[in-house]
>>> print(open('structure_8.txt').read())   # compact mmCIF, C-alpha atoms
# COMPACT_ATOMS: atom_id res chain seq x y z
CA MET A 1 -31.64 69.52 -16.39
CA LEU A 2 -28.00 70.03 -17.40
CA ALA A 3 -27.16 66.39 -16.65
CA GLU A 4 -30.15 65.31 -18.73
CA LEU A 5 -29.05 67.50 -21.63
CA PHE A 6 -25.52 66.09 -21.55
CA ALA A 7 -26.80 62.51 -21.33
CA GLY A 8 -29.13 63.05 -24.27
CA SER A 9 -26.46 64.61 -26.47
CA VAL A 10 -23.99 61.82 -25.70
CA ALA A 11 -26.63 59.18 -26.39
CA ASP A 12 -27.50 60.80 -29.71
CA ALA A 13 -23.81 60.92 -30.66
CA GLU A 14 -23.45 57.22 -29.82
CA ARG A 15 -26.43 56.50 -32.06
CA ARG A 16 -24.78 58.38 -34.92
CA ARG A 17 -21.53 56.56 -34.24
CA GLU A 18 -23.26 53.26 -35.00
CA THR A 19 -23.75 54.58 -38.53
CA VAL A 20 -20.57 56.64 -38.92
CA SER A 21 -17.61 55.04 -37.15
CA LEU A 22 -14.79 56.91 -35.46
CA ALA A 23 -12.47 56.00 -38.34
CA GLN A 24 -15.00 57.31 -40.86
CA ILE A 25 -15.47 60.61 -39.06
CA GLU A 26 -11.70 61.01 -38.77
CA ARG A 27 -11.41 60.54 -42.54
CA ALA A 28 -14.14 63.11 -43.07
CA VAL A 29 -12.25 65.60 -40.90
CA ALA A 30 -9.08 65.00 -42.90
CA GLN A 31 -10.96 65.95 -46.08
CA THR A 32 -12.51 69.11 -44.57
CA SER A 33 -11.09 72.57 -45.19
CA GLU A 34 -9.13 74.05 -42.30
CA ALA A 35 -11.11 75.80 -39.59
CA LEU A 36 -11.39 79.58 -39.78
CA ASP A 37 -9.33 81.59 -37.31
CA ALA A 38 -12.21 82.45 -35.01
CA LYS A 39 -10.01 84.50 -32.69
CA SER A 40 -9.30 87.02 -35.43
CA PHE A 41 -13.04 87.46 -36.07
CA LEU A 42 -13.94 87.86 -32.38
CA ALA A 43 -10.88 89.62 -30.96
CA PRO A 44 -11.51 92.66 -28.71
CA ALA A 45 -12.12 95.82 -30.73
CA ASP A 46 -13.71 99.28 -30.52
CA GLN A 47 -16.96 97.70 -31.70
CA ILE A 48 -18.75 94.92 -29.80
CA LYS A 49 -19.04 91.69 -31.79
CA VAL A 50 -22.25 89.68 -32.12
CA LEU A 51 -22.29 85.89 -32.04
CA ALA A 52 -25.72 85.36 -33.60
CA GLU A 53 -27.53 82.11 -32.87
CA VAL A 54 -29.68 79.82 -34.99
CA LYS A 55 -32.03 78.69 -32.23
CA ARG A 56 -35.46 77.11 -32.58
CA ALA A 57 -36.28 76.23 -28.99
CA SER A 58 -34.97 75.95 -25.44
CA PRO A 59 -35.94 74.07 -22.26
CA SER A 60 -37.02 77.30 -20.58
CA ARG A 61 -38.97 78.88 -23.45
CA GLY A 62 -40.08 75.93 -25.55
CA LEU A 63 -40.49 76.50 -29.29
CA MET A 64 -39.50 80.03 -30.32
CA ALA A 65 -39.15 79.84 -34.11
CA ASP A 66 -39.58 77.17 -36.78
CA ILE A 67 -36.52 78.21 -38.85
CA PRO A 68 -37.23 75.94 -41.83
CA ASP A 69 -34.14 77.30 -43.61
CA PRO A 70 -31.25 77.84 -41.15
CA ALA A 71 -28.91 78.73 -43.99
CA ALA A 72 -31.12 81.65 -45.04
CA LEU A 73 -31.19 82.96 -41.46
CA ALA A 74 -27.42 82.60 -41.22
CA ARG A 75 -26.99 84.61 -44.40
CA ILE A 76 -29.08 87.42 -42.88
CA TYR A 77 -26.85 87.33 -39.81
CA ALA A 78 -23.64 87.45 -41.84
CA GLU A 79 -24.90 90.19 -44.16
CA ASN A 80 -25.91 92.38 -41.22
CA GLY A 81 -22.70 92.31 -39.24
CA ALA A 82 -22.56 89.12 -37.19
CA SER A 83 -18.90 88.27 -36.53
CA ALA A 84 -19.69 84.59 -35.98
CA ILE A 85 -22.74 82.32 -35.91
CA SER A 86 -23.79 79.82 -33.27
CA VAL A 87 -25.78 76.80 -34.47
CA LEU A 88 -27.72 74.74 -31.95
CA THR A 89 -27.25 71.08 -32.81
CA GLU A 90 -28.89 69.54 -29.72
CA GLU A 91 -31.89 67.60 -30.98
CA ARG A 92 -34.15 66.95 -28.01
CA LYS A 93 -34.79 70.25 -26.24
CA PHE A 94 -33.36 72.77 -28.71
CA LYS A 95 -34.66 71.07 -31.90
CA GLY A 96 -31.36 71.50 -33.74
CA SER A 97 -29.18 69.12 -35.75
CA LEU A 98 -25.80 68.67 -37.34
CA GLU A 99 -27.59 69.05 -40.67
CA ASP A 100 -28.34 72.66 -39.66
CA LEU A 101 -24.63 73.22 -39.08
CA ILE A 102 -23.71 71.68 -42.42
CA ALA A 103 -26.27 73.83 -44.24
CA VAL A 104 -25.06 77.01 -42.55
CA ARG A 105 -21.42 76.21 -43.29
CA ALA A 106 -22.19 75.96 -47.00
CA ASN A 107 -23.69 79.44 -47.04
CA VAL A 108 -21.56 81.77 -44.88
CA ASN A 109 -17.90 82.61 -44.49
CA VAL A 110 -17.77 83.57 -40.82
CA PRO A 111 -16.75 81.24 -37.97
CA LEU A 112 -19.36 78.77 -36.71
CA LEU A 113 -19.87 77.60 -33.15
CA ARG A 114 -21.32 74.17 -32.60
CA LYS A 115 -23.64 74.84 -29.65
CA ASP A 116 -24.29 71.55 -27.93
CA PHE A 117 -23.47 69.58 -24.80
CA ILE A 118 -20.03 68.33 -25.74
CA ALA A 119 -18.53 65.59 -23.59
CA ASN A 120 -16.30 63.48 -25.85
CA GLU A 121 -13.91 63.55 -28.78
CA TYR A 122 -16.36 62.00 -31.23
CA GLN A 123 -18.70 64.99 -30.87
CA ILE A 124 -15.80 67.34 -31.55
CA LEU A 125 -14.75 65.38 -34.63
CA GLU A 126 -18.25 65.40 -36.08
CA ALA A 127 -18.46 69.13 -35.41
CA ARG A 128 -15.23 69.73 -37.37
CA ALA A 129 -16.43 67.46 -40.18
CA ALA A 130 -19.63 69.54 -40.35
CA GLY A 131 -17.65 72.77 -40.61
CA ALA A 132 -17.50 74.10 -37.04
CA ASP A 133 -14.67 76.44 -36.08
CA ILE A 134 -15.57 76.83 -32.39
CA ILE A 135 -16.60 74.23 -29.80
CA LEU A 136 -18.60 74.94 -26.64
CA LEU A 137 -17.32 73.44 -23.38
CA ILE A 138 -19.59 74.01 -20.36
CA VAL A 139 -17.72 74.07 -17.05
CA ALA A 140 -20.83 73.20 -15.03
CA GLY A 141 -21.21 69.91 -16.88
CA LEU A 142 -17.62 68.70 -17.10
CA ALA A 143 -14.82 67.70 -14.74
CA GLU A 144 -11.71 69.88 -14.92
CA SER A 145 -9.71 67.02 -16.42
CA ASP A 146 -12.35 66.63 -19.15
CA ILE A 147 -12.25 70.36 -19.93
CA VAL A 148 -8.48 70.24 -20.29
CA ARG A 149 -8.59 67.12 -22.49
CA LEU A 150 -11.40 68.31 -24.74
CA LYS A 151 -9.94 71.81 -25.03
CA GLU A 152 -6.59 70.40 -26.15
CA PHE A 153 -8.29 68.08 -28.64
CA THR A 154 -10.32 70.98 -30.03
CA GLU A 155 -7.18 73.06 -30.51
CA GLN A 156 -5.34 70.16 -32.17
CA LEU A 157 -8.05 70.24 -34.83
CA GLY A 158 -7.45 73.95 -35.38
CA MET A 159 -10.62 75.08 -33.62
CA LEU A 160 -11.23 77.48 -30.75
CA ALA A 161 -12.65 76.25 -27.43
CA PHE A 162 -15.37 78.53 -26.06
CA VAL A 163 -15.54 77.83 -22.32
CA GLU A 164 -18.85 78.73 -20.68
CA THR A 165 -19.13 79.67 -17.00
CA HIS A 166 -21.94 80.63 -14.66
CA ASP A 167 -20.18 81.96 -11.54
CA ARG A 168 -16.86 83.23 -10.21
CA GLU A 169 -15.44 79.82 -9.29
CA GLU A 170 -16.16 78.40 -12.74
CA LEU A 171 -14.61 81.50 -14.24
CA LYS A 172 -11.41 81.01 -12.25
CA LEU A 173 -11.20 77.44 -13.54
CA ALA A 174 -11.72 78.57 -17.14
CA VAL A 175 -8.84 81.03 -16.79
CA ALA A 176 -6.63 78.46 -15.06
CA VAL A 177 -6.89 75.96 -17.92
CA GLY A 178 -5.79 78.56 -20.44
CA SER A 179 -9.06 79.38 -22.17
CA GLU A 180 -8.81 81.99 -24.92
CA MET A 181 -12.56 82.62 -25.19
CA ILE A 182 -14.68 82.64 -22.03
CA GLY A 183 -18.41 83.17 -21.70
CA VAL A 184 -20.41 84.22 -18.67
CA ASN A 185 -23.95 82.89 -18.96
CA ALA A 186 -26.47 85.02 -17.09
CA ARG A 187 -28.95 82.14 -16.90
CA ASP A 188 -29.15 80.23 -13.61
CA LEU A 189 -29.10 76.54 -14.52
CA SER A 190 -31.33 75.64 -11.58
CA THR A 191 -34.08 78.24 -11.93
CA PHE A 192 -33.54 79.36 -15.57
CA GLU A 193 -33.84 82.95 -14.37
CA THR A 194 -31.35 85.46 -15.76
CA ASP A 195 -29.20 88.09 -14.03
CA ARG A 196 -27.98 90.70 -16.51
CA ASP A 197 -25.56 92.03 -13.90
CA LEU A 198 -23.74 88.72 -13.37
CA PHE A 199 -21.22 89.48 -16.13
CA ALA A 200 -20.22 92.78 -14.53
CA LYS A 201 -19.87 91.12 -11.12
CA VAL A 202 -17.33 88.52 -12.24
CA VAL A 203 -15.63 89.84 -15.38
CA ASP A 204 -12.67 91.12 -13.33
CA GLU A 205 -11.52 87.49 -13.15
CA ILE A 206 -10.85 87.43 -16.91
CA PRO A 207 -7.40 88.76 -17.89
CA ASN A 208 -6.96 91.17 -20.78
CA GLY A 209 -6.45 89.47 -24.13
CA ILE A 210 -9.05 86.76 -23.53
CA ILE A 211 -12.25 87.13 -25.57
CA LYS A 212 -15.01 87.99 -23.08
CA VAL A 213 -18.49 86.86 -24.05
CA ALA A 214 -21.76 87.86 -22.38
CA GLU A 215 -24.44 85.21 -22.79
CA SER A 216 -28.21 85.38 -22.17
CA ALA A 217 -30.39 88.29 -21.03
CA VAL A 218 -29.87 90.11 -24.34
CA ARG A 219 -33.35 91.29 -25.24
CA ASN A 220 -32.68 94.67 -26.85
CA ALA A 221 -30.04 97.26 -27.69
CA ASP A 222 -30.00 98.57 -24.10
CA ASP A 223 -28.84 95.16 -22.90
CA VAL A 224 -26.05 95.14 -25.47
CA ALA A 225 -24.95 98.63 -24.37
CA HIS A 226 -25.02 97.46 -20.75
CA TYR A 227 -22.81 94.47 -21.51
CA ARG A 228 -20.43 96.61 -23.56
CA LYS A 229 -20.10 99.10 -20.71
CA SER A 230 -19.37 96.15 -18.39
CA GLY A 231 -16.47 95.02 -20.57
CA ALA A 232 -17.92 92.44 -22.97
CA ASP A 233 -16.13 91.94 -26.28
CA VAL A 234 -18.90 89.73 -27.68
CA VAL A 235 -22.59 89.13 -26.99
CA LEU A 236 -24.16 85.77 -27.78
CA VAL A 237 -27.76 86.34 -28.87
CA GLY A 238 -30.39 83.88 -30.00
CA GLU A 239 -33.95 84.45 -28.85
CA ALA A 240 -34.04 88.21 -29.51
CA LEU A 241 -32.95 87.59 -33.11
CA VAL A 242 -35.18 84.67 -34.01
CA THR A 243 -38.33 86.23 -32.51
CA ASN A 244 -37.87 89.64 -34.18
CA ASP A 245 -36.59 91.03 -37.47
CA PRO A 246 -33.03 89.67 -37.31
CA ALA A 247 -31.49 92.26 -39.63
CA GLN A 248 -32.94 95.21 -37.75
CA MET A 249 -32.07 93.74 -34.36
CA LEU A 250 -28.49 93.00 -35.35
CA GLN A 251 -27.97 96.49 -36.68
CA SER A 252 -29.39 98.02 -33.48
CA PHE A 253 -27.09 95.81 -31.38
CA LEU A 254 -24.02 96.92 -33.30
CA ARG A 255 -24.97 100.60 -32.99
CA ALA A 256 -25.47 100.17 -29.25
CA GLY A 257 -22.18 98.36 -28.78
CA LYS A 258 -19.80 101.01 -30.10
>>> encode(input="structure_8.txt", output="structure tokens")
Amino acid sequence: MLAELFAGSVADAERRRETVSLAQIERAVAQTSEALDAKSFLAPADQIKVLAEVKRASPSRGLMADIPDPAALARIYAENGASAISVLTEERKFKGSLEDLIAVRANVNVPLLRKDFIANEYQILEARAAGADIILLIVAGLAESDIVRLKEFTEQLGMLAFVETHDREELKLAVAVGSEMIGVNARDLSTFETDRDLFAKVVDEIPNGIIKVAESAVRNADDVAHYRKSGADVVLVGEALVTNDPAQMLQSFLRAGK
């Protein structure tokens, strides 16, 4: 499934590249305002931070929410305490788009993560042109040399690389390449089942000073409290927000994560 998702995202980027050339996207980046300092928004603090996600669908759950106006949802997130917002731009399984990212960028002043299956520099450039401040790099889908190259390219553009892991060995690699923001995704990529305790089992591999993000298996405030107790600085939440009252859920998450 992961290989299929990467292949689809790369193919879609190549299709866009036929319309907007590399030179054109580079010019667009040059005309874009500087990226926000995402590290300052997400840095470890007494209060857990929430990275709230604009997410319509997923391969494991199918369609979860229509979200006809992603900008309106993003405003609710920002007004209710989200420190940053993740926007799914993968088109095939997650039903997102770069247009969603552009719309959100025009309506909020917190850092934005482009959540997609990033495998080349063109995708990073189009993310920056659309207003992204953070880029997702998934260890399970990339060679170490690709992670290093894409991370460096991301940072050259003034953005933060968010490196996602799923086990201890991937986590060690993320630390070794100098990642400043590391996620532990509780979802098994083979079975799609989640293990809320995975973060606690492997977080000792992440040195102090690196932003520690717990991903998946956040259904309610108890899960946020559990992740906070385990050492998470940030929780990435999508489904629980888009399938409930997002304002109320966000506020409950922040109360639980003190």
>>> residues_around(input="structure_8.txt", residues="Gln248 of chain A", least_positions_apart="5", cutoff="9 Å", atoms="all atoms listed in the file", output="list in words")
Asn80, Leu241 and Phe253 of chain A
>>> residues_near_point(input="structure_8.txt", point="(-27.4, 80.4, -29.1)", cutoff="8 Å", atoms="all atoms listed in the file", output="PyMOL selection string")
chain A and resi 52-55+86-88+115+236-239
>>> residues_around(input="structure_8.txt", residues="Glu14 of chain A", least_positions_apart="5", cutoff="12 Å", atoms="all atoms listed in the file", output="list in words")
Ala7, Gly8, Ser9, Thr19, Val20, Ser21, Leu22, Ala119, Asn120, Glu121, Tyr122, Gln123 and Glu126 of chain A
>>> residues_around(input="structure_8.txt", residues="Ala174 of chain A", least_positions_apart="2", cutoff="8 Å", atoms="only C-alpha atoms", output="PyMOL selection string")
chain A and resi 139+163-165+170-172+176-179+182
>>> atom_distance(input="structure_8.txt", atom1="atom CA of Met64 of chain A", atom2="atom CA of Arg219 of chain A")
13.8 Å
>>> closest_residue(input="structure_8.txt", among="A:Arg196, A:Met1, A:Ser145, A:Asp223", to="Ser60 of chain A", atoms="only C-alpha atoms")
A:Met1
>>> atom_distance(input="structure_8.txt", atom1="atom CA of Leu125 of chain A", atom2="atom CA of Gln24 of chain A")
10.2 Å
>>> closest_residue(input="structure_8.txt", among="A:Leu113, A:Leu36, A:Ala43, A:Ile138", to="Leu2 of chain A", atoms="all atoms listed in the file")
A:Ile138
>>> atom_distance(input="structure_8.txt", atom1="atom CA of Gly141 of chain A", atom2="atom CA of Ser40 of chain A")
27.9 Å
>>> closest_residue(input="structure_8.txt", among="A:Glu215, A:Glu18, A:Asp133, A:Asp69", to="Thr194 of chain A", atoms="all atoms listed in the file")
A:Glu215
>>> closest_residue(input="structure_8.txt", among="A:Val203, A:Val242, A:Ala186, A:Met249", to="Asp222 of chain A", atoms="all atoms listed in the file")
A:Met249
>>> residues_near_point(input="structure_8.txt", point="(-26.9, 78.5, -40.6)", cutoff="7 Å", atoms="only C-alpha atoms", output="list in words")
Val54, Pro70, Ala71, Ala72, Leu73, Ala74, Val87, Asp100, Leu101, Ala103, Val104 and Arg105 of chain A
>>> residues_around(input="structure_8.txt", residues="Ser58 of chain A", least_positions_apart="6", cutoff="9 Å", atoms="all atoms listed in the file", output="list in words")
Met64, Lys93, Phe94 and Lys95 of chain A
>>> residues_around(input="structure_8.txt", residues="Gln251 of chain A", least_positions_apart="3", cutoff="12 Å", atoms="all atoms listed in the file", output="PyMOL selection string")
chain A and resi 48-50+52+76-82+220-221+224+241+245-248+254-258
>>> decode(input="structure_8.txt", residues="segment 123-163 of chain A", atoms="N, CA and C atoms", output="PDB file, in the first residue's frame")
ATOM      1  N   GLN A 123       8.058  18.054  -5.773  1.00  0.00           N
ATOM      2  CA  GLN A 123       6.954  18.052  -4.805  1.00  0.00           C
ATOM      3  C   GLN A 123       7.218  19.032  -3.659  1.00  0.00           C
ATOM      4  N   ILE A 124       8.463  19.145  -3.255  1.00  0.00           N
ATOM      5  CA  ILE A 124       8.814  20.069  -2.179  1.00  0.00           C
ATOM      6  C   ILE A 124       8.671  21.507  -2.654  1.00  0.00           C
ATOM      7  N   LEU A 125       9.096  21.776  -3.878  1.00  0.00           N
ATOM      8  CA  LEU A 125       8.964  23.122  -4.437  1.00  0.00           C
ATOM      9  C   LEU A 125       7.495  23.529  -4.557  1.00  0.00           C
ATOM     10  N   GLU A 126       6.656  22.630  -5.040  1.00  0.00           N
ATOM     11  CA  GLU A 126       5.253  23.000  -5.188  1.00  0.00           C
ATOM     12  C   GLU A 126       4.589  23.171  -3.824  1.00  0.00           C
ATOM     13  N   ALA A 127       5.062  22.445  -2.831  1.00  0.00           N
ATOM     14  CA  ALA A 127       4.553  22.635  -1.475  1.00  0.00           C
ATOM     15  C   ALA A 127       4.899  24.026  -0.961  1.00  0.00           C
ATOM     16  N   ARG A 128       6.150  24.456  -1.168  1.00  0.00           N
ATOM     17  CA  ARG A 128       6.575  25.790  -0.725  1.00  0.00           C
ATOM     18  C   ARG A 128       5.816  26.869  -1.478  1.00  0.00           C
ATOM     19  N   ALA A 129       5.615  26.669  -2.774  1.00  0.00           N
ATOM     20  CA  ALA A 129       4.874  27.650  -3.573  1.00  0.00           C
ATOM     21  C   ALA A 129       3.428  27.766  -3.096  1.00  0.00           C
ATOM     22  N   ALA A 130       2.886  26.673  -2.565  1.00  0.00           N
ATOM     23  CA  ALA A 130       1.506  26.671  -2.071  1.00  0.00           C
ATOM     24  C   ALA A 130       1.403  27.179  -0.637  1.00  0.00           C
ATOM     25  N   GLY A 131       2.547  27.427   0.005  1.00  0.00           N
ATOM     26  CA  GLY A 131       2.522  28.003   1.347  1.00  0.00           C
ATOM     27  C   GLY A 131       2.878  27.076   2.482  1.00  0.00           C
ATOM     28  N   ALA A 132       3.390  25.877   2.180  1.00  0.00           N
ATOM     29  CA  ALA A 132       3.762  24.945   3.244  1.00  0.00           C
ATOM     30  C   ALA A 132       5.006  25.427   3.982  1.00  0.00           C
ATOM     31  N   ASP A 133       5.047  25.114   5.276  1.00  0.00           N
ATOM     32  CA  ASP A 133       6.196  25.441   6.121  1.00  0.00           C
ATOM     33  C   ASP A 133       6.912  24.176   6.603  1.00  0.00           C
ATOM     34  N   ILE A 134       6.218  23.052   6.490  1.00  0.00           N
ATOM     35  CA  ILE A 134       6.736  21.765   6.962  1.00  0.00           C
ATOM     36  C   ILE A 134       6.489  20.725   5.873  1.00  0.00           C
ATOM     37  N   ILE A 135       7.463  19.840   5.685  1.00  0.00           N
ATOM     38  CA  ILE A 135       7.351  18.761   4.691  1.00  0.00           C
ATOM     39  C   ILE A 135       7.462  17.418   5.395  1.00  0.00           C
ATOM     40  N   LEU A 136       6.588  16.485   5.033  1.00  0.00           N
ATOM     41  CA  LEU A 136       6.627  15.130   5.594  1.00  0.00           C
ATOM     42  C   LEU A 136       7.567  14.246   4.782  1.00  0.00           C
ATOM     43  N   LEU A 137       8.478  13.570   5.484  1.00  0.00           N
ATOM     44  CA  LEU A 137       9.348  12.567   4.865  1.00  0.00           C
ATOM     45  C   LEU A 137       9.145  11.257   5.630  1.00  0.00           C
ATOM     46  N   ILE A 138       8.715  10.218   4.937  1.00  0.00           N
ATOM     47  CA  ILE A 138       8.362   8.948   5.572  1.00  0.00           C
ATOM     48  C   ILE A 138       9.517   7.966   5.403  1.00  0.00           C
ATOM     49  N   VAL A 139      10.133   7.591   6.511  1.00  0.00           N
ATOM     50  CA  VAL A 139      11.310   6.718   6.459  1.00  0.00           C
ATOM     51  C   VAL A 139      10.996   5.399   5.763  1.00  0.00           C
ATOM     52  N   ALA A 140       9.823   4.840   6.019  1.00  0.00           N
ATOM     53  CA  ALA A 140       9.478   3.530   5.462  1.00  0.00           C
ATOM     54  C   ALA A 140       9.402   3.527   3.942  1.00  0.00           C
ATOM     55  N   GLY A 141       9.253   4.710   3.337  1.00  0.00           N
ATOM     56  CA  GLY A 141       9.101   4.759   1.891  1.00  0.00           C
ATOM     57  C   GLY A 141      10.286   5.323   1.137  1.00  0.00           C
ATOM     58  N   LEU A 142      11.363   5.665   1.861  1.00  0.00           N
ATOM     59  CA  LEU A 142      12.495   6.332   1.224  1.00  0.00           C
ATOM     60  C   LEU A 142      13.810   5.692   1.642  1.00  0.00           C
ATOM     61  N   ALA A 143      14.770   5.681   0.725  1.00  0.00           N
ATOM     62  CA  ALA A 143      16.124   5.256   1.068  1.00  0.00           C
ATOM     63  C   ALA A 143      16.773   6.322   1.954  1.00  0.00           C
ATOM     64  N   GLU A 144      17.750   5.917   2.756  1.00  0.00           N
ATOM     65  CA  GLU A 144      18.406   6.883   3.643  1.00  0.00           C
ATOM     66  C   GLU A 144      18.998   8.046   2.861  1.00  0.00           C
ATOM     67  N   SER A 145      19.607   7.757   1.717  1.00  0.00           N
ATOM     68  CA  SER A 145      20.207   8.814   0.911  1.00  0.00           C
ATOM     69  C   SER A 145      19.154   9.803   0.417  1.00  0.00           C
ATOM     70  N   ASP A 146      17.951   9.288   0.118  1.00  0.00           N
ATOM     71  CA  ASP A 146      16.858  10.173  -0.316  1.00  0.00           C
ATOM     72  C   ASP A 146      16.379  11.048   0.840  1.00  0.00           C
ATOM     73  N   ILE A 147      16.302  10.469   2.032  1.00  0.00           N
ATOM     74  CA  ILE A 147      15.878  11.248   3.202  1.00  0.00           C
ATOM     75  C   ILE A 147      16.847  12.393   3.441  1.00  0.00           C
ATOM     76  N   VAL A 148      18.129  12.092   3.385  1.00  0.00           N
ATOM     77  CA  VAL A 148      19.152  13.119   3.605  1.00  0.00           C
ATOM     78  C   VAL A 148      19.032  14.215   2.547  1.00  0.00           C
ATOM     79  N   ARG A 149      18.912  13.824   1.281  1.00  0.00           N
ATOM     80  CA  ARG A 149      18.846  14.799   0.192  1.00  0.00           C
ATOM     81  C   ARG A 149      17.598  15.667   0.288  1.00  0.00           C
ATOM     82  N   LEU A 150      16.464  15.042   0.511  1.00  0.00           N
ATOM     83  CA  LEU A 150      15.206  15.783   0.549  1.00  0.00           C
ATOM     84  C   LEU A 150      15.110  16.647   1.810  1.00  0.00           C
ATOM     85  N   LYS A 151      15.649  16.163   2.902  1.00  0.00           N
ATOM     86  CA  LYS A 151      15.675  16.958   4.137  1.00  0.00           C
ATOM     87  C   LYS A 151      16.521  18.216   3.926  1.00  0.00           C
ATOM     88  N   GLU A 152      17.677  18.075   3.342  1.00  0.00           N
ATOM     89  CA  GLU A 152      18.546  19.227   3.095  1.00  0.00           C
ATOM     90  C   GLU A 152      17.882  20.220   2.149  1.00  0.00           C
ATOM     91  N   PHE A 153      17.211  19.713   1.124  1.00  0.00           N
ATOM     92  CA  PHE A 153      16.533  20.587   0.164  1.00  0.00           C
ATOM     93  C   PHE A 153      15.393  21.344   0.852  1.00  0.00           C
ATOM     94  N   THR A 154      14.652  20.643   1.688  1.00  0.00           N
ATOM     95  CA  THR A 154      13.570  21.267   2.455  1.00  0.00           C
ATOM     96  C   THR A 154      14.102  22.414   3.305  1.00  0.00           C
ATOM     97  N   GLU A 155      15.200  22.167   3.985  1.00  0.00           N
ATOM     98  CA  GLU A 155      15.778  23.174   4.876  1.00  0.00           C
ATOM     99  C   GLU A 155      16.365  24.347   4.094  1.00  0.00           C
ATOM    100  N   GLN A 156      16.877  24.083   2.904  1.00  0.00           N
ATOM    101  CA  GLN A 156      17.387  25.176   2.065  1.00  0.00           C
ATOM    102  C   GLN A 156      16.282  26.155   1.686  1.00  0.00           C
ATOM    103  N   LEU A 157      15.065  25.644   1.619  1.00  0.00           N
ATOM    104  CA  LEU A 157      13.911  26.489   1.291  1.00  0.00           C
ATOM    105  C   LEU A 157      13.297  27.138   2.536  1.00  0.00           C
ATOM    106  N   GLY A 158      13.934  26.932   3.676  1.00  0.00           N
ATOM    107  CA  GLY A 158      13.466  27.556   4.911  1.00  0.00           C
ATOM    108  C   GLY A 158      12.377  26.794   5.633  1.00  0.00           C
ATOM    109  N   MET A 159      12.120  25.560   5.206  1.00  0.00           N
ATOM    110  CA  MET A 159      11.065  24.761   5.815  1.00  0.00           C
ATOM    111  C   MET A 159      11.645  23.737   6.793  1.00  0.00           C
ATOM    112  N   LEU A 160      10.769  23.135   7.565  1.00  0.00           N
ATOM    113  CA  LEU A 160      11.138  22.112   8.532  1.00  0.00           C
ATOM    114  C   LEU A 160      10.763  20.735   7.982  1.00  0.00           C
ATOM    115  N   ALA A 161      11.682  19.794   8.079  1.00  0.00           N
ATOM    116  CA  ALA A 161      11.401  18.415   7.660  1.00  0.00           C
ATOM    117  C   ALA A 161      10.845  17.637   8.853  1.00  0.00           C
ATOM    118  N   PHE A 162       9.664  17.081   8.677  1.00  0.00           N
ATOM    119  CA  PHE A 162       9.019  16.249   9.688  1.00  0.00           C
ATOM    120  C   PHE A 162       9.236  14.803   9.247  1.00  0.00           C
ATOM    121  N   VAL A 163      10.060  14.068   9.991  1.00  0.00           N
ATOM    122  CA  VAL A 163      10.461  12.724   9.590  1.00  0.00           C
ATOM    123  C   VAL A 163       9.632  11.704  10.363  1.00  0.00           C
TER     124      VAL A 163
END
